[in-house]
file data-v5.txt (compact mmCIF, C-alpha atoms)
# COMPACT_ATOMS: atom_id res chain seq x y z
CA MET A 1 103.31 67.45 410.61
CA PRO A 2 105.44 64.91 412.54
CA ASP A 3 108.81 63.90 411.09
CA ARG A 4 107.74 60.28 411.22
CA PRO A 5 104.41 58.64 412.07
CA SER A 6 104.21 56.94 415.44
CA HIS A 7 104.47 53.26 414.62
CA PHE A 8 102.42 50.61 416.45
CA VAL A 9 103.19 46.90 416.33
CA PHE A 10 100.17 44.73 417.09
CA VAL A 11 101.17 41.21 418.16
CA LEU A 12 98.28 38.78 417.76
CA LEU A 13 98.11 35.73 420.03
CA ASN A 14 95.93 32.74 419.32
CA ASN A 15 92.34 33.30 420.53
CA PHE A 16 92.90 37.06 420.81
CA SER A 17 89.97 39.40 421.44
CA LEU A 18 88.87 40.83 418.11
CA LEU A 19 87.03 43.72 419.76
CA SER A 20 90.14 44.82 421.70
CA PHE A 21 92.35 44.68 418.60
CA ALA A 22 89.88 46.33 416.22
CA SER A 23 89.04 49.09 418.71
CA ALA A 24 92.69 50.07 419.06
CA LEU A 25 93.42 49.88 415.34
CA GLU A 26 90.36 51.92 414.34
CA CYS A 27 91.40 54.74 416.67
CA LEU A 28 94.68 55.08 414.78
CA ARG A 29 93.01 54.94 411.36
CA ILE A 30 90.43 57.55 412.30
CA ALA A 31 93.08 59.82 413.88
CA ASN A 32 94.91 59.86 410.53
CA ARG A 33 91.69 60.60 408.67
CA MET A 34 90.48 63.35 411.01
CA SER A 35 93.86 65.08 411.16
CA GLY A 36 94.48 64.78 407.43
CA GLN A 37 98.00 63.61 408.25
CA PRO A 38 99.73 60.23 408.57
CA LEU A 39 100.16 60.56 412.32
CA TYR A 40 100.18 56.80 412.86
CA SER A 41 101.36 53.70 411.04
CA TRP A 42 101.13 50.08 412.10
CA ASP A 43 101.81 46.50 411.25
CA VAL A 44 100.56 43.17 412.56
CA GLN A 45 102.96 40.49 413.74
CA SER A 46 102.59 36.99 415.10
CA GLU A 47 104.90 34.27 416.28
CA GLY A 48 106.23 32.66 413.12
CA GLY A 49 104.42 35.16 410.90
CA GLU A 50 101.46 32.82 410.55
CA ALA A 51 97.76 33.64 410.43
CA VAL A 52 96.14 33.78 413.88
CA ALA A 53 92.55 33.00 414.84
CA CYS A 54 90.66 35.34 417.13
CA SER A 55 88.38 33.98 419.84
CA ALA A 56 85.46 34.11 417.36
CA GLY A 57 87.34 31.73 415.04
CA THR A 58 88.10 34.15 412.20
CA GLN A 59 91.73 34.09 411.04
CA PHE A 60 93.86 37.17 410.50
CA GLY A 61 97.07 37.32 408.52
CA SER A 62 100.19 39.01 409.84
CA THR A 63 102.71 41.16 408.00
CA SER A 64 105.66 39.37 409.57
CA GLY A 65 106.93 37.24 412.40
CA LEU A 66 108.34 38.69 415.60
CA GLY A 67 111.30 40.79 414.47
CA GLU A 68 113.69 43.53 415.50
CA LEU A 69 111.91 46.77 416.33
CA SER A 70 112.90 50.40 416.52
CA ARG A 71 113.14 52.00 419.95
CA ASP A 72 110.36 54.40 418.92
CA ASP A 73 107.91 51.60 418.12
CA ILE A 74 104.97 50.95 420.43
CA VAL A 75 104.07 47.29 420.99
CA LEU A 76 100.57 46.10 421.85
CA ILE A 77 100.15 42.43 422.75
CA CYS A 78 96.62 41.38 421.74
CA ALA A 79 95.42 38.40 423.76
CA GLY A 80 92.13 36.87 424.83
CA LEU A 81 91.04 33.37 425.79
CA ASP A 82 93.51 30.73 426.99
CA VAL A 83 96.32 33.26 427.24
CA GLN A 84 98.48 30.87 429.29
CA ASN A 85 98.91 28.47 426.37
CA ALA A 86 99.48 31.36 423.97
CA THR A 87 102.31 32.70 426.14
CA THR A 88 105.18 30.73 424.65
CA LYS A 89 108.88 30.82 425.47
CA PRO A 90 109.83 32.42 422.11
CA LEU A 91 107.22 35.14 422.67
CA LEU A 92 108.52 35.87 426.17
CA ASN A 93 112.12 35.99 424.97
CA TRP A 94 111.15 38.42 422.23
CA VAL A 95 109.15 40.66 424.58
CA ARG A 96 112.00 40.81 427.09
CA ARG A 97 114.54 41.61 424.38
CA GLU A 98 112.47 44.45 422.95
CA ALA A 99 111.72 45.78 426.45
CA ARG A 100 115.45 46.14 427.10
CA LYS A 101 115.57 48.66 424.25
CA GLY A 102 113.22 50.93 426.17
CA LEU A 103 110.13 50.40 424.03
CA ARG A 104 106.64 51.17 425.26
CA ILE A 105 104.84 47.86 425.53
CA GLY A 106 101.17 47.27 426.30
CA GLY A 107 98.81 44.37 426.77
CA LEU A 108 95.24 44.47 425.49
CA CYS A 109 92.59 42.38 427.27
CA THR A 110 94.55 39.48 428.82
CA GLY A 111 97.81 40.70 427.29
CA ALA A 112 98.82 41.81 430.78
CA TYR A 113 99.44 38.13 431.53
CA VAL A 114 102.22 38.04 428.91
CA LEU A 115 103.85 41.19 430.28
CA ALA A 116 103.63 39.93 433.86
CA THR A 117 105.06 36.51 432.95
CA ALA A 118 107.96 38.27 431.24
CA GLY A 119 108.58 40.23 434.45
CA LEU A 120 107.74 43.57 432.83
CA LEU A 121 105.05 44.49 435.35
CA ASP A 122 106.97 43.78 438.57
CA GLY A 123 106.48 46.72 440.94
CA LYS A 124 103.97 48.32 438.60
CA ARG A 125 100.22 48.90 438.46
CA ALA A 126 98.25 46.98 435.87
CA THR A 127 94.78 45.82 434.91
CA ILE A 128 93.27 42.82 433.17
CA HIS A 129 89.79 41.64 432.26
CA TRP A 130 87.72 41.20 435.44
CA GLU A 131 87.19 37.52 434.68
CA ASN A 132 90.97 36.96 434.99
CA HIS A 133 91.49 39.32 437.92
CA ASP A 134 91.52 36.72 440.70
CA SER A 135 93.88 34.27 439.01
CA PHE A 136 96.22 37.11 437.97
CA ALA A 137 96.37 38.46 441.52
CA GLU A 138 97.27 35.02 442.87
CA ALA A 139 99.93 34.38 440.20
CA PHE A 140 101.73 37.74 440.23
CA GLU A 141 102.18 39.06 443.74
CA ASP A 142 104.72 41.69 442.62
CA VAL A 143 102.14 43.40 440.39
CA THR A 144 99.60 45.82 441.82
CA ILE A 145 96.49 44.67 439.99
CA THR A 146 93.63 47.17 439.75
CA LYS A 147 90.11 47.10 438.37
CA ALA A 148 90.70 50.17 436.22
CA VAL A 149 89.62 50.32 432.58
CA PHE A 150 93.23 50.88 431.58
CA VAL A 151 96.52 51.61 433.32
CA MET A 152 99.61 53.46 432.12
CA ASP A 153 102.63 53.00 434.39
CA GLY A 154 105.88 54.21 432.91
CA LEU A 155 106.59 52.34 429.68
CA ARG A 156 103.89 49.74 430.38
CA MET A 157 100.23 49.89 429.41
CA THR A 158 97.43 47.42 430.12
CA THR A 159 93.72 47.39 429.37
CA ALA A 160 90.76 45.46 430.74
CA GLY A 161 89.58 44.23 427.35
CA GLY A 162 86.61 45.02 425.13
CA THR A 163 86.15 48.71 424.40
CA SER A 164 88.77 49.74 426.99
CA SER A 165 91.25 49.72 424.09
CA ILE A 166 89.44 52.80 422.81
CA ASP A 167 89.99 54.63 426.10
CA LEU A 168 93.71 53.84 426.12
CA MET A 169 94.18 54.90 422.49
CA LEU A 170 92.22 58.13 423.00
CA LYS A 171 94.50 58.92 425.93
CA LEU A 172 97.61 58.29 423.79
CA ILE A 173 96.19 60.42 420.96
CA ALA A 174 95.29 63.25 423.35
CA ASP A 175 98.76 63.19 424.94
CA ALA A 176 100.49 63.31 421.56
CA HIS A 177 98.19 65.52 419.49
CA GLY A 178 95.71 67.18 421.82
CA GLU A 179 92.25 66.50 423.20
CA ASP A 180 90.46 68.04 420.22
CA LEU A 181 91.73 65.26 417.95
CA ALA A 182 90.95 62.58 420.56
CA ASN A 183 87.41 63.94 420.88
CA ALA A 184 87.02 63.97 417.10
CA VAL A 185 88.05 60.30 416.99
CA ALA A 186 85.57 59.48 419.76
CA ASP A 187 82.79 61.25 417.85
CA GLN A 188 83.54 59.21 414.73
CA LEU A 189 83.29 56.04 416.83
CA ILE A 190 79.97 57.23 418.33
CA TYR A 191 81.79 56.86 421.64
CA SER A 192 80.03 59.35 423.86
CA SER A 193 81.61 58.65 427.25
CA ILE A 194 85.41 58.60 427.25
CA ARG A 195 86.71 56.84 430.36
CA THR A 196 89.93 57.59 432.21
CA ASP A 197 92.30 55.38 434.16
CA GLN A 198 90.24 56.27 437.26
CA ASP A 199 87.16 54.46 435.91
CA THR A 200 86.53 50.84 436.86
CA GLN A 201 85.67 48.14 434.36
CA ARG A 202 82.65 46.58 436.04
CA LEU A 203 79.27 48.07 436.75
CA SER A 204 78.67 49.53 440.19
CA ILE A 205 77.15 47.18 442.74
CA PRO A 206 73.68 48.87 442.64
CA THR A 207 73.62 48.65 438.85
CA ARG A 208 74.88 45.08 438.80
CA ILE A 209 72.33 43.73 441.28
CA GLY A 210 69.54 46.06 440.18
CA VAL A 211 69.04 47.41 443.69
CA ARG A 212 69.79 50.87 445.01
CA HIS A 213 70.03 50.39 448.75
CA PRO A 214 73.17 51.97 450.28
CA LYS A 215 73.56 49.55 453.19
CA LEU A 216 73.02 46.49 451.00
CA SER A 217 75.63 47.80 448.54
CA GLN A 218 78.01 48.46 451.42
CA VAL A 219 77.66 44.91 452.76
CA ILE A 220 78.18 43.36 449.32
CA HIS A 221 81.28 45.51 448.83
CA MET A 222 82.65 44.22 452.16
CA MET A 223 81.90 40.64 451.12
CA GLU A 224 83.64 41.02 447.76
CA HIS A 225 86.78 42.31 449.47
CA ALA A 226 86.92 39.61 452.15
CA ILE A 227 86.77 36.33 450.25
CA GLU A 228 89.82 34.64 451.78
CA GLU A 229 88.75 35.48 455.34
CA PRO A 230 84.92 35.71 455.32
CA ILE A 231 83.20 38.05 457.75
CA SER A 232 80.31 36.77 459.84
CA PRO A 233 76.80 38.11 459.14
CA ALA A 234 76.70 39.51 462.67
CA THR A 235 79.88 41.54 462.06
CA LEU A 236 78.65 42.73 458.67
CA ALA A 237 75.38 43.86 460.19
CA ARG A 238 77.11 45.64 463.05
CA ASP A 239 79.50 47.46 460.69
CA VAL A 240 76.62 48.99 458.73
CA GLY A 241 74.59 49.82 461.82
CA MET A 242 71.83 47.22 461.81
CA SER A 243 70.89 43.98 463.52
CA THR A 244 71.58 40.56 462.03
CA ARG A 245 67.83 40.03 461.65
CA GLN A 246 67.50 43.30 459.71
CA LEU A 247 70.35 42.25 457.43
CA GLU A 248 68.64 38.91 456.80
CA ARG A 249 65.40 40.67 455.87
CA LEU A 250 67.26 43.05 453.56
CA PHE A 251 68.86 40.21 451.60
CA ARG A 252 65.63 38.23 451.46
CA ARG A 253 63.67 41.22 450.22
CA TYR A 254 66.06 42.36 447.46
CA LEU A 255 68.08 39.25 446.52
CA ASN A 256 65.80 36.39 447.60
CA ARG A 257 68.55 34.65 449.52
CA SER A 258 70.24 34.90 452.90
CA PRO A 259 73.49 36.86 453.41
CA LYS A 260 75.23 33.55 454.10
CA ARG A 261 74.01 32.06 450.80
CA TYR A 262 74.97 35.16 448.81
CA TYR A 263 78.44 35.20 450.39
CA MET A 264 78.89 31.51 449.61
CA GLU A 265 78.01 32.13 445.96
CA LEU A 266 80.61 34.90 445.74
CA ARG A 267 83.29 32.63 447.20
CA LEU A 268 82.41 29.73 444.92
CA GLN A 269 82.38 32.00 441.88
CA LYS A 270 85.93 33.10 442.68
CA ALA A 271 86.91 29.47 443.26
CA ARG A 272 85.57 28.51 439.85
CA ASN A 273 87.53 31.32 438.18
CA LEU A 274 90.73 30.20 439.90
CA LEU A 275 90.18 26.55 438.99
CA MET A 276 89.59 27.32 435.34
CA GLN A 277 92.13 30.11 434.82
CA SER A 278 95.10 29.34 437.07
CA ASP A 279 97.45 26.50 437.91
CA MET A 280 96.76 26.72 441.65
CA SER A 281 96.16 23.40 443.37
CA VAL A 282 92.59 22.71 444.36
CA ILE A 283 93.51 22.87 448.05
CA ASN A 284 95.12 26.30 447.59
CA VAL A 285 92.02 27.47 445.71
CA ALA A 286 89.92 26.34 448.67
CA LEU A 287 92.10 28.29 451.10
CA ALA A 288 92.06 31.40 448.87
CA CYS A 289 88.27 31.34 448.96
CA GLY A 290 87.90 30.97 452.71
CA PHE A 291 87.46 27.19 453.03
CA SER A 292 89.64 25.63 455.71
CA SER A 293 88.16 22.16 455.11
CA PRO A 294 88.73 20.59 451.65
CA SER A 295 85.78 18.25 452.10
CA HIS A 296 83.46 21.16 452.95
CA PHE A 297 84.71 23.05 449.88
CA SER A 298 84.06 20.04 447.66
CA LYS A 299 80.55 19.57 449.08
CA CYS A 300 79.62 23.24 448.59
CA TYR A 301 81.10 23.31 445.09
CA ARG A 302 79.17 20.23 444.02
CA THR A 303 75.93 21.73 445.35
CA GLN A 304 76.50 24.92 443.36
CA TYR A 305 77.94 23.57 440.10
CA ASN A 306 76.91 19.90 440.06
CA THR A 307 80.55 18.76 439.86
CA THR A 308 83.51 18.58 442.19
CA PRO A 309 86.43 21.05 442.14
CA TYR A 310 88.77 18.23 441.15
CA ARG A 311 86.66 17.29 438.14
CA GLU A 312 86.38 20.96 437.19
CA ARG A 313 90.14 21.19 437.17
CA GLY A 314 90.49 17.93 435.24
CA THR A 315 93.63 15.96 435.94
CA GLN A 316 95.51 18.87 437.53
CA GLY A 317 95.58 20.00 441.14
CA ALA A 318 95.30 18.16 444.39
CA SER A 319 92.53 15.62 444.85
CA LEU A 320 89.66 16.47 447.12
CA PRO A 321 87.14 14.13 448.62
CA ALA A 322 84.02 13.75 446.51
call {"tool": "encode", "arguments": {"input": "data-v5.txt", "output": "structure tokens"}}
result
Amino acid sequence: MPDRPSHFVFVLLNNFSLLSFASALECLRIANRMSGQPLYSWDVQSEGGEAVACSAGTQFGSTSGLGELSRDDIVLICAGLDVQNATTKPLLNWVRREARKGLRIGGLCTGAYVLATAGLLDGKRATIHWENHDSFAEAFEDVTITKAVFVMDGLRMTTAGGTSSIDLMLKLIADAHGEDLANAVADQLIYSSIRTDQDTQRLSIPTRIGVRHPKLSQVIHMMEHAIEEPISPATLARDVGMSTRQLERLFRRYLNRSPKRYYMELRLQKARNLLMQSDMSVINVALACGFSSPSHFSKCYRTQYNTTPYRERGTQGASLPA
């Protein structure tokens, strides 16, 4: 039996993901139950010690405000929607202070944003929910952002959100108390497929588009990784060993649109994510998504989303022609 239970401090931010928080907490509770020992203890903190609402609107009380922690404590920042507004100066000061003690600190769901803003992920690998991936990559150039389910890099841990908290906690349990206990916890959760930090958070391209055609998947993969500098259909076709006409037929047959149209939708989807989740100017968003002409970007955006990029952003960002 351990001399002292490993103690976790869950820090709840406004609009946090309930699934991410509950998944992590349940792993600790079940580990205690299955082992018959108090291997883990925990408490829930929030800025000011006040109740915090999750993204579903339900409020959760906290045991205390942000206080002094022991060096052996493990901190998990639980975030979710609108993490930028939830990342306050007092929170950042507290996180930095506790990090200087050598604590292990993690971010669940969009909690990676807090760690990165505090400078705790500089030079490290990290992950975040796929919806926030593009804006995070633009905002934090010193962080190597991945699409992994979870990442452990030194004293820092990040997860992609949702059930990825389970995978991180099972890894921590296995490292501390063996894989048999971690597997027993997974069984109790009816969690039949434990993922590692090598697994990605989104479905594979064939699964996502419902088509299993290797060359089509290869072209879409190339498109998704060349948003800022789009590749011409002719070059895409050549790189997978077919003619441009064959590529056109392939897209029409399986996706009912041309390669050019599909590519445009990918670029506009990224643009929309950046507009809604980052502070980048509208012009810089256009450039990041492969549009050299602001007016062309605005026209394409309006066609796709029935509004202009500037209106999508609201009163922020640079104005574009309507």
call {"tool": "closest_residue", "arguments": {"input": "data-v5.txt", "among": "A:Thr127, A:Asn306, A:Ser6, A:Thr158", "to": "Thr146 (chain A)", "atoms": "all atoms listed in the file"}}
result
A:Thr127
call {"tool": "residues_around", "arguments": {"input": "data-v5.txt", "residues": "Phe8 (chain A)", "least_positions_apart": "2", "cutoff": "12 Å", "atoms": "only C-alpha atoms", "output": "JSON, numbers by chain"}}
result
{"A": [5, 6, 10, 11, 21, 24, 25, 27, 28, 29, 39, 40, 41, 42, 43, 44, 45, 69, 70, 71, 72, 73, 74, 75, 76, 77, 103, 104, 105, 106, 169, 172]}
call {"tool": "atom_distance", "arguments": {"input": "data-v5.txt", "atom1": "CA of Gly123 (chain A)", "atom2": "CA of Phe136 (chain A)"}}
result
14.4 Å
call {"tool": "atom_distance", "arguments": {"input": "data-v5.txt", "atom1": "CA of Asp134 (chain A)", "atom2": "CA of Ala118 (chain A)"}}
result
19.0 Å
call {"tool": "closest_atom_pairs", "arguments": {"input": "data-v5.txt", "of": "region 58-94 of chain A", "to": "region 276-290 of chain A", "cutoff": "10 Å", "atoms": "only C-alpha atoms", "output": "CSV"}}
result
residue,atom,partner,partner_atom,distance
A:Leu81,CA,A:Gln277,CA,9.7
A:Asp82,CA,A:Gln277,CA,8.0
A:Val83,CA,A:Gln277,CA,9.2
A:Gln84,CA,A:Gln277,CA,8.5
call {"tool": "axis_aligned_box", "arguments": {"input": "data-v5.txt", "around": "region 239-242 of chain A", "padding_each_side": "6 Å", "output": "lines of an AutoDock Vina configuration file"}}
result
center_x = 75.7
center_y = 48.5
center_z = 460.3
size_x = 19.7
size_y = 14.6
size_z = 15.1
call {"tool": "closest_residue", "arguments": {"input": "data-v5.txt", "among": "A:Ser46, A:Thr163, A:Ser35, A:Ser64", "to": "Phe150 (chain A)", "atoms": "all atoms listed in the file"}}
result
A:Thr163
call {"tool": "atom_distance", "arguments": {"input": "data-v5.txt", "atom1": "CA of Glu224 (chain A)", "atom2": "CA of Phe16 (chain A)"}}
result
28.8 Å
call {"tool": "residues_around", "arguments": {"input": "data-v5.txt", "residues": "region 298-300 of chain A", "least_positions_apart": "3", "cutoff": "10 Å", "atoms": "all atoms listed in the file", "output": "VMD selection string"}}
result
chain A and resid 264 to 265 268 282 to 283 286 291 293 to 295 303 to 310 319 to 322
call {"tool": "closest_residue", "arguments": {"input": "data-v5.txt", "among": "A:Ala137, A:Leu189, A:Gln59, A:Pro259", "to": "Thr235 (chain A)", "atoms": "all atoms listed in the file"}}
result
A:Pro259
call {"tool": "residues_around", "arguments": {"input": "data-v5.txt", "residues": "His129 (chain A)", "least_positions_apart": "5", "cutoff": "9 Å", "atoms": "all atoms listed in the file", "output": "list in words"}}
result
Cys109, Thr110, Lys147, Val149, Thr159, Ala160, Gly161, Gly162 and Gln201 of chain A
call {"tool": "residues_around", "arguments": {"input": "data-v5.txt", "residues": "Met223 (chain A)", "least_positions_apart": "2", "cutoff": "10 Å", "atoms": "only C-alpha atoms", "output": "CSV table (one decimal) with C-alpha atoms, keeping the file's coordinate frame"}}
result
chain,number,residue,atom,x,y,z
A,217,SER,CA,75.6,47.8,448.5
A,218,GLN,CA,78.0,48.5,451.4
A,219,VAL,CA,77.7,44.9,452.8
A,220,ILE,CA,78.2,43.4,449.3
A,221,HIS,CA,81.3,45.5,448.8
A,225,HIS,CA,86.8,42.3,449.5
A,226,ALA,CA,86.9,39.6,452.2
A,227,ILE,CA,86.8,36.3,450.2
A,228,GLU,CA,89.8,34.6,451.8
A,229,GLU,CA,88.8,35.5,455.3
A,230,PRO,CA,84.9,35.7,455.3
A,231,ILE,CA,83.2,38.0,457.8
A,232,SER,CA,80.3,36.8,459.8
A,233,PRO,CA,76.8,38.1,459.1
A,236,LEU,CA,78.6,42.7,458.7
A,259,PRO,CA,73.5,36.9,453.4
A,262,TYR,CA,75.0,35.2,448.8
A,263,TYR,CA,78.4,35.2,450.4
A,264,MET,CA,78.9,31.5,449.6
A,266,LEU,CA,80.6,34.9,445.7
A,267,ARG,CA,83.3,32.6,447.2
call {"tool": "residues_around", "arguments": {"input": "data-v5.txt", "residues": "region 86-91 of chain A", "least_positions_apart": "3", "cutoff": "7 Å", "atoms": "all atoms listed in the file", "output": "PyMOL selection string"}}
result
chain A and resi 13-14+47+82-83+94-95+114
call {"tool": "closest_residue", "arguments": {"input": "data-v5.txt", "among": "A:His7, A:Leu66, A:Gly111, A:Met34", "to": "Ala79 (chain A)", "atoms": "all atoms listed in the file"}}
result
A:Gly111
call {"tool": "build_atoms", "arguments": {"input": "data-v5.txt", "residues": "region 264-274 of chain A", "atoms": "all heavy atoms", "output": "PDB file, in the coordinates of the input"}}
result
ATOM      1  N   MET A 264      78.397  32.799 450.085  1.00  0.00           N
ATOM      2  CA  MET A 264      78.890  31.510 449.610  1.00  0.00           C
ATOM      3  C   MET A 264      78.983  31.512 448.076  1.00  0.00           C
ATOM      4  O   MET A 264      79.964  31.017 447.490  1.00  0.00           O
ATOM      5  CB  MET A 264      77.983  30.387 450.082  1.00  0.00           C
ATOM      6  CG  MET A 264      78.358  28.996 449.565  1.00  0.00           C
ATOM      7  SD  MET A 264      79.990  28.448 450.143  1.00  0.00           S
ATOM      8  CE  MET A 264      79.631  28.141 451.881  1.00  0.00           C
ATOM      9  N   GLU A 265      77.991  32.076 447.424  1.00  0.00           N
ATOM     10  CA  GLU A 265      78.010  32.130 445.960  1.00  0.00           C
ATOM     11  C   GLU A 265      79.165  32.971 445.441  1.00  0.00           C
ATOM     12  O   GLU A 265      79.792  32.633 444.435  1.00  0.00           O
ATOM     13  CB  GLU A 265      76.670  32.674 445.447  1.00  0.00           C
ATOM     14  CG  GLU A 265      75.517  31.700 445.641  1.00  0.00           C
ATOM     15  CD  GLU A 265      74.170  32.310 445.310  1.00  0.00           C
ATOM     16  OE1 GLU A 265      74.128  33.520 444.920  1.00  0.00           O
ATOM     17  OE2 GLU A 265      73.154  31.602 445.418  1.00  0.00           O
ATOM     18  N   LEU A 266      79.469  34.075 446.120  1.00  0.00           N
ATOM     19  CA  LEU A 266      80.610  34.900 445.740  1.00  0.00           C
ATOM     20  C   LEU A 266      81.913  34.115 445.852  1.00  0.00           C
ATOM     21  O   LEU A 266      82.770  34.155 444.959  1.00  0.00           O
ATOM     22  CB  LEU A 266      80.696  36.142 446.631  1.00  0.00           C
ATOM     23  CG  LEU A 266      79.702  37.283 446.406  1.00  0.00           C
ATOM     24  CD1 LEU A 266      79.949  38.389 447.421  1.00  0.00           C
ATOM     25  CD2 LEU A 266      79.819  37.830 444.985  1.00  0.00           C
ATOM     26  N   ARG A 267      82.053  33.384 446.961  1.00  0.00           N
ATOM     27  CA  ARG A 267      83.290  32.630 447.200  1.00  0.00           C
ATOM     28  C   ARG A 267      83.441  31.492 446.191  1.00  0.00           C
ATOM     29  O   ARG A 267      84.543  31.241 445.673  1.00  0.00           O
ATOM     30  CB  ARG A 267      83.283  32.089 448.634  1.00  0.00           C
ATOM     31  CG  ARG A 267      83.394  33.187 449.684  1.00  0.00           C
ATOM     32  CD  ARG A 267      82.938  32.703 451.045  1.00  0.00           C
ATOM     33  NE  ARG A 267      83.722  31.566 451.502  1.00  0.00           N
ATOM     34  CZ  ARG A 267      83.342  30.750 452.483  1.00  0.00           C
ATOM     35  NH1 ARG A 267      82.167  30.939 453.081  1.00  0.00           N
ATOM     36  NH2 ARG A 267      84.122  29.751 452.855  1.00  0.00           N
ATOM     37  N   LEU A 268      82.345  30.822 445.880  1.00  0.00           N
ATOM     38  CA  LEU A 268      82.410  29.730 444.920  1.00  0.00           C
ATOM     39  C   LEU A 268      82.646  30.232 443.497  1.00  0.00           C
ATOM     40  O   LEU A 268      83.306  29.565 442.701  1.00  0.00           O
ATOM     41  CB  LEU A 268      81.121  28.908 444.981  1.00  0.00           C
ATOM     42  CG  LEU A 268      80.928  28.099 446.276  1.00  0.00           C
ATOM     43  CD1 LEU A 268      79.532  27.500 446.319  1.00  0.00           C
ATOM     44  CD2 LEU A 268      81.990  27.002 446.398  1.00  0.00           C
ATOM     45  N   GLN A 269      82.129  31.404 443.192  1.00  0.00           N
ATOM     46  CA  GLN A 269      82.380  32.000 441.880  1.00  0.00           C
ATOM     47  C   GLN A 269      83.865  32.306 441.706  1.00  0.00           C
ATOM     48  O   GLN A 269      84.457  32.047 440.653  1.00  0.00           O
ATOM     49  CB  GLN A 269      81.559  33.277 441.721  1.00  0.00           C
ATOM     50  CG  GLN A 269      81.675  33.922 440.343  1.00  0.00           C
ATOM     51  CD  GLN A 269      80.812  35.163 440.238  1.00  0.00           C
ATOM     52  OE1 GLN A 269      80.925  36.083 441.044  1.00  0.00           O
ATOM     53  NE2 GLN A 269      79.945  35.192 439.246  1.00  0.00           N
ATOM     54  N   LYS A 270      84.485  32.853 442.748  1.00  0.00           N
ATOM     55  CA  LYS A 270      85.930  33.100 442.680  1.00  0.00           C
ATOM     56  C   LYS A 270      86.684  31.782 442.566  1.00  0.00           C
ATOM     57  O   LYS A 270      87.655  31.671 441.801  1.00  0.00           O
ATOM     58  CB  LYS A 270      86.402  33.870 443.913  1.00  0.00           C
ATOM     59  CG  LYS A 270      87.918  34.069 443.918  1.00  0.00           C
ATOM     60  CD  LYS A 270      88.419  34.915 445.062  1.00  0.00           C
ATOM     61  CE  LYS A 270      89.931  35.046 444.997  1.00  0.00           C
ATOM     62  NZ  LYS A 270      90.466  35.936 446.060  1.00  0.00           N
ATOM     63  N   ALA A 271      86.252  30.778 443.312  1.00  0.00           N
ATOM     64  CA  ALA A 271      86.910  29.470 443.260  1.00  0.00           C
ATOM     65  C   ALA A 271      86.863  28.895 441.843  1.00  0.00           C
ATOM     66  O   ALA A 271      87.856  28.369 441.339  1.00  0.00           O
ATOM     67  CB  ALA A 271      86.251  28.508 444.244  1.00  0.00           C
ATOM     68  N   ARG A 272      85.716  29.022 441.207  1.00  0.00           N
ATOM     69  CA  ARG A 272      85.570  28.510 439.850  1.00  0.00           C
ATOM     70  C   ARG A 272      86.500  29.240 438.875  1.00  0.00           C
ATOM     71  O   ARG A 272      87.136  28.632 438.013  1.00  0.00           O
ATOM     72  CB  ARG A 272      84.122  28.628 439.388  1.00  0.00           C
ATOM     73  CG  ARG A 272      83.823  27.880 438.092  1.00  0.00           C
ATOM     74  CD  ARG A 272      82.324  27.731 437.902  1.00  0.00           C
ATOM     75  NE  ARG A 272      82.053  26.829 436.785  1.00  0.00           N
ATOM     76  CZ  ARG A 272      81.776  27.240 435.547  1.00  0.00           C
ATOM     77  NH1 ARG A 272      81.727  28.541 435.287  1.00  0.00           N
ATOM     78  NH2 ARG A 272      81.541  26.373 434.584  1.00  0.00           N
ATOM     79  N   ASN A 273      86.606  30.566 439.025  1.00  0.00           N
ATOM     80  CA  ASN A 273      87.530  31.320 438.180  1.00  0.00           C
ATOM     81  C   ASN A 273      88.962  30.852 438.366  1.00  0.00           C
ATOM     82  O   ASN A 273      89.705  30.687 437.392  1.00  0.00           O
ATOM     83  CB  ASN A 273      87.439  32.821 438.512  1.00  0.00           C
ATOM     84  CG  ASN A 273      86.228  33.481 437.901  1.00  0.00           C
ATOM     85  OD1 ASN A 273      85.610  32.950 436.980  1.00  0.00           O
ATOM     86  ND2 ASN A 273      85.862  34.641 438.407  1.00  0.00           N
ATOM     87  N   LEU A 274      89.358  30.637 439.619  1.00  0.00           N
ATOM     88  CA  LEU A 274      90.730  30.200 439.900  1.00  0.00           C
ATOM     89  C   LEU A 274      90.987  28.797 439.361  1.00  0.00           C
ATOM     90  O   LEU A 274      92.059  28.508 438.827  1.00  0.00           O
ATOM     91  CB  LEU A 274      91.002  30.252 441.396  1.00  0.00           C
ATOM     92  CG  LEU A 274      91.064  31.652 442.026  1.00  0.00           C
ATOM     93  CD1 LEU A 274      91.228  31.548 443.532  1.00  0.00           C
ATOM     94  CD2 LEU A 274      92.192  32.470 441.421  1.00  0.00           C
TER      95      LEU A 274
END
